Amino acid sequence: MSGDAATNTPAPGTRVPPEQVARLALARARRAARDKGLRPGDPGRYEPRPGRPGPDARDPQLVGTATKALVADMGWDAQILAGTLAARWAQVVGQQVAEHCEFVSLEAGLMTVRASSTAWKNELSLMTSALVARCDEELGQGTVVQVQVLGPTGPGFGRGRLRVPGRGPRDTWG
């Protein structure tokens, strides 16, 4: 092949295979980048000139970045944490504890839990510091500050054969 040996360019009018054309184009691009002082993997050096627009908030954003901004703007941080805790309840507290208590709510650092029996209510009341520490590990420091343990609820008398019709007796008589 004849041509310029220093630049590996073919002589004019000769047929060059496509692979060699691609290799020559890549070599020219690498040489031009090297002459500018650029190296592979370096971040871009975009500097907007005066009077010329640059990147702004209207440009496409990553989904995670846009979602975090939406959650922060709408003030959904607490609800997201409560939902995360409810979804991962068995993983956070352990399978045995999760079988005997359920997550009720998380508001302003107060986590409310309902136990399946009074014995488990007493047990969980003794474990509150461990539950707070475990929540700190899983959800972040200070997410849960205090734990309130509720006992099981009994049956109500609003329905059934023991129901009193009407408002029932009151403490004041007309």
# chains A, B, ... in the order shown; residues from 1 in each chain; ligands from 1
>>> residues_around(residues="Thr128 of chain A", least_positions_apart="4", cutoff="12 Å", atoms="only C-alpha atoms", output="PyMOL selection string")
chain A and resi 93+110-113+121-124+132-135+144-149
>>> write_last_selection(atoms="C-alpha atoms", output="PDB file, in the first residue's frame")
ATOM      1  CA  VAL A  93     -37.253  -6.921  63.903  1.00  0.00           C
ATOM      2  CA  LEU A 110     -42.584   7.544  67.651  1.00  0.00           C
ATOM      3  CA  MET A 111     -43.067   4.010  66.344  1.00  0.00           C
ATOM      4  CA  THR A 112     -46.289   2.328  67.455  1.00  0.00           C
ATOM      5  CA  VAL A 113     -46.441  -1.478  67.570  1.00  0.00           C
ATOM      6  CA  LYS A 121     -46.652  -6.641  75.021  1.00  0.00           C
ATOM      7  CA  ASN A 122     -44.556  -6.944  78.180  1.00  0.00           C
ATOM      8  CA  GLU A 123     -41.706  -8.630  76.291  1.00  0.00           C
ATOM      9  CA  LEU A 124     -41.670  -5.910  73.608  1.00  0.00           C
ATOM     10  CA  VAL A 132     -34.731   1.452  68.366  1.00  0.00           C
ATOM     11  CA  ALA A 133     -31.128   0.319  67.773  1.00  0.00           C
ATOM     12  CA  ARG A 134     -32.215  -2.142  65.068  1.00  0.00           C
ATOM     13  CA  CYS A 135     -34.284   0.548  63.315  1.00  0.00           C
ATOM     14  CA  VAL A 144     -37.130   5.908  65.413  1.00  0.00           C
ATOM     15  CA  VAL A 145     -36.598   7.621  68.767  1.00  0.00           C
ATOM     16  CA  GLN A 146     -39.272   5.986  70.920  1.00  0.00           C
ATOM     17  CA  VAL A 147     -41.389   2.820  70.715  1.00  0.00           C
ATOM     18  CA  GLN A 148     -44.947   2.595  72.004  1.00  0.00           C
ATOM     19  CA  VAL A 149     -46.240  -0.957  72.485  1.00  0.00           C
TER      20      VAL A 149
END
>>> residues_around(residues="Ala115 of chain A", least_positions_apart="3", cutoff="7 Å", atoms="only C-alpha atoms", output="list in words")
His100, Cys101, Glu102, Trp120, Lys121, Val149, Leu150, Gly151 and Pro152 of chain A
>>> residues_around(residues="segment 79-89 of chain A", least_positions_apart="5", cutoff="12 Å", atoms="only C-alpha atoms", output="short mmCIF file (atom, residue, chain, number, x, y, z; two decimals) with N, CA and C atoms, in the first residue's frame")
data_model
loop_
_atom_site.label_atom_id
_atom_site.label_comp_id
_atom_site.auth_asym_id
_atom_site.auth_seq_id
_atom_site.Cartn_x
_atom_site.Cartn_y
_atom_site.Cartn_z
N THR A 67 -36.89 11.54 41.50
CA THR A 67 -37.77 10.99 42.55
C THR A 67 -37.41 11.56 43.91
N LYS A 68 -36.12 11.64 44.23
CA LYS A 68 -35.70 12.21 45.51
C LYS A 68 -36.14 13.67 45.62
N LEU A 70 -38.73 15.05 44.12
CA LEU A 70 -40.18 15.06 44.27
C LEU A 70 -40.58 14.73 45.71
N VAL A 71 -39.96 13.71 46.29
CA VAL A 71 -40.27 13.31 47.67
C VAL A 71 -39.95 14.45 48.63
N ALA A 72 -38.82 15.11 48.43
CA ALA A 72 -38.45 16.23 49.31
C ALA A 72 -39.39 17.42 49.12
N MET A 74 -42.54 17.44 48.12
CA MET A 74 -43.89 17.15 48.59
C MET A 74 -43.94 16.83 50.09
N GLY A 94 -36.91 -9.14 63.03
CA GLY A 94 -36.69 -10.58 63.13
C GLY A 94 -37.99 -11.33 62.95
N GLN A 95 -37.89 -12.55 62.46
CA GLN A 95 -39.08 -13.33 62.11
C GLN A 95 -39.93 -13.67 63.34
N GLN A 96 -39.31 -14.06 64.45
CA GLN A 96 -40.07 -14.47 65.63
C GLN A 96 -40.84 -13.29 66.22
N VAL A 97 -40.22 -12.14 66.33
CA VAL A 97 -40.91 -10.96 66.86
C VAL A 97 -42.00 -10.52 65.89
N ALA A 98 -41.75 -10.59 64.59
CA ALA A 98 -42.74 -10.16 63.60
C ALA A 98 -43.99 -11.04 63.62
N GLU A 99 -43.85 -12.30 64.04
CA GLU A 99 -45.01 -13.19 64.13
C GLU A 99 -45.94 -12.79 65.26
N HIS A 100 -45.42 -12.09 66.27
CA HIS A 100 -46.21 -11.77 67.46
C HIS A 100 -46.52 -10.29 67.62
N CYS A 101 -46.09 -9.47 66.68
CA CYS A 101 -46.45 -8.05 66.75
C CYS A 101 -46.52 -7.49 65.34
N GLU A 102 -47.26 -6.40 65.21
CA GLU A 102 -47.40 -5.78 63.90
C GLU A 102 -47.08 -4.30 64.01
N PHE A 103 -46.54 -3.76 62.95
CA PHE A 103 -46.24 -2.34 62.87
C PHE A 103 -47.55 -1.58 62.67
N VAL A 104 -47.76 -0.51 63.45
CA VAL A 104 -48.98 0.28 63.33
C VAL A 104 -48.69 1.62 62.65
N SER A 105 -47.74 2.38 63.19
CA SER A 105 -47.46 3.69 62.59
C SER A 105 -46.08 4.18 63.01
N LEU A 106 -45.63 5.22 62.28
CA LEU A 106 -44.38 5.91 62.60
C LEU A 106 -44.64 7.39 62.38
N GLU A 107 -44.68 8.15 63.46
CA GLU A 107 -44.95 9.59 63.36
C GLU A 107 -43.98 10.35 64.24
N ALA A 108 -43.20 11.23 63.65
CA ALA A 108 -42.27 12.11 64.37
C ALA A 108 -41.35 11.33 65.31
N GLY A 109 -40.84 10.20 64.86
CA GLY A 109 -39.90 9.41 65.66
C GLY A 109 -40.54 8.45 66.63
N LEU A 110 -41.87 8.46 66.75
CA LEU A 110 -42.58 7.54 67.65
C LEU A 110 -43.13 6.38 66.82
N MET A 111 -42.59 5.20 67.03
CA MET A 111 -43.07 4.01 66.34
C MET A 111 -44.07 3.30 67.25
N THR A 112 -45.25 3.02 66.70
CA THR A 112 -46.29 2.33 67.45
C THR A 112 -46.39 0.91 66.93
N VAL A 113 -46.42 -0.06 67.88
CA VAL A 113 -46.44 -1.48 67.57
C VAL A 113 -47.59 -2.11 68.36
N LEU A 131 -35.15 -2.49 69.79
CA LEU A 131 -35.90 -2.17 68.57
C LEU A 131 -35.45 -0.83 67.99
N ARG A 134 -32.08 -1.39 66.33
CA ARG A 134 -32.21 -2.14 65.07
C ARG A 134 -32.77 -1.24 63.97
N CYS A 135 -33.73 -0.39 64.30
CA CYS A 135 -34.28 0.55 63.31
C CYS A 135 -33.23 1.57 62.89
N ASP A 136 -32.36 1.98 63.82
CA ASP A 136 -31.27 2.89 63.46
C ASP A 136 -30.33 2.24 62.45
N GLU A 138 -31.09 -0.20 60.28
CA GLU A 138 -31.75 -0.49 59.00
C GLU A 138 -32.22 0.77 58.26
N LEU A 139 -32.71 1.77 59.01
CA LEU A 139 -33.35 2.93 58.37
C LEU A 139 -32.58 4.22 58.50
N GLY A 140 -31.60 4.26 59.36
CA GLY A 140 -30.83 5.47 59.55
C GLY A 140 -30.98 6.00 60.97
N GLY A 142 -31.71 8.04 64.15
CA GLY A 142 -32.73 9.00 64.55
C GLY A 142 -34.07 8.85 63.88
N THR A 143 -34.25 7.83 63.05
CA THR A 143 -35.54 7.62 62.41
C THR A 143 -36.59 7.25 63.44
N VAL A 144 -36.25 6.31 64.32
CA VAL A 144 -37.13 5.91 65.41
C VAL A 144 -36.45 6.32 66.71
#
>>> atom_distance(atom1="atom CA of Ala90 of chain A", atom2="atom CA of Thr153 of chain A")
21.7 Å
>>> select_by_dssp(residues="segment 69-135 of chain A", states="alpha helix (DSSP H)", output="number ranges by chain")
A: 69-74, 77-87, 89-93, 95-100, 118-126, 128-135
>>> atom_distance(atom1="atom CA of Ala78 of chain A", atom2="atom CA of Gly64 of chain A")
17.9 Å
>>> atom_distance(atom1="atom CA of Thr65 of chain A", atom2="atom CA of Asp77 of chain A")
14.5 Å
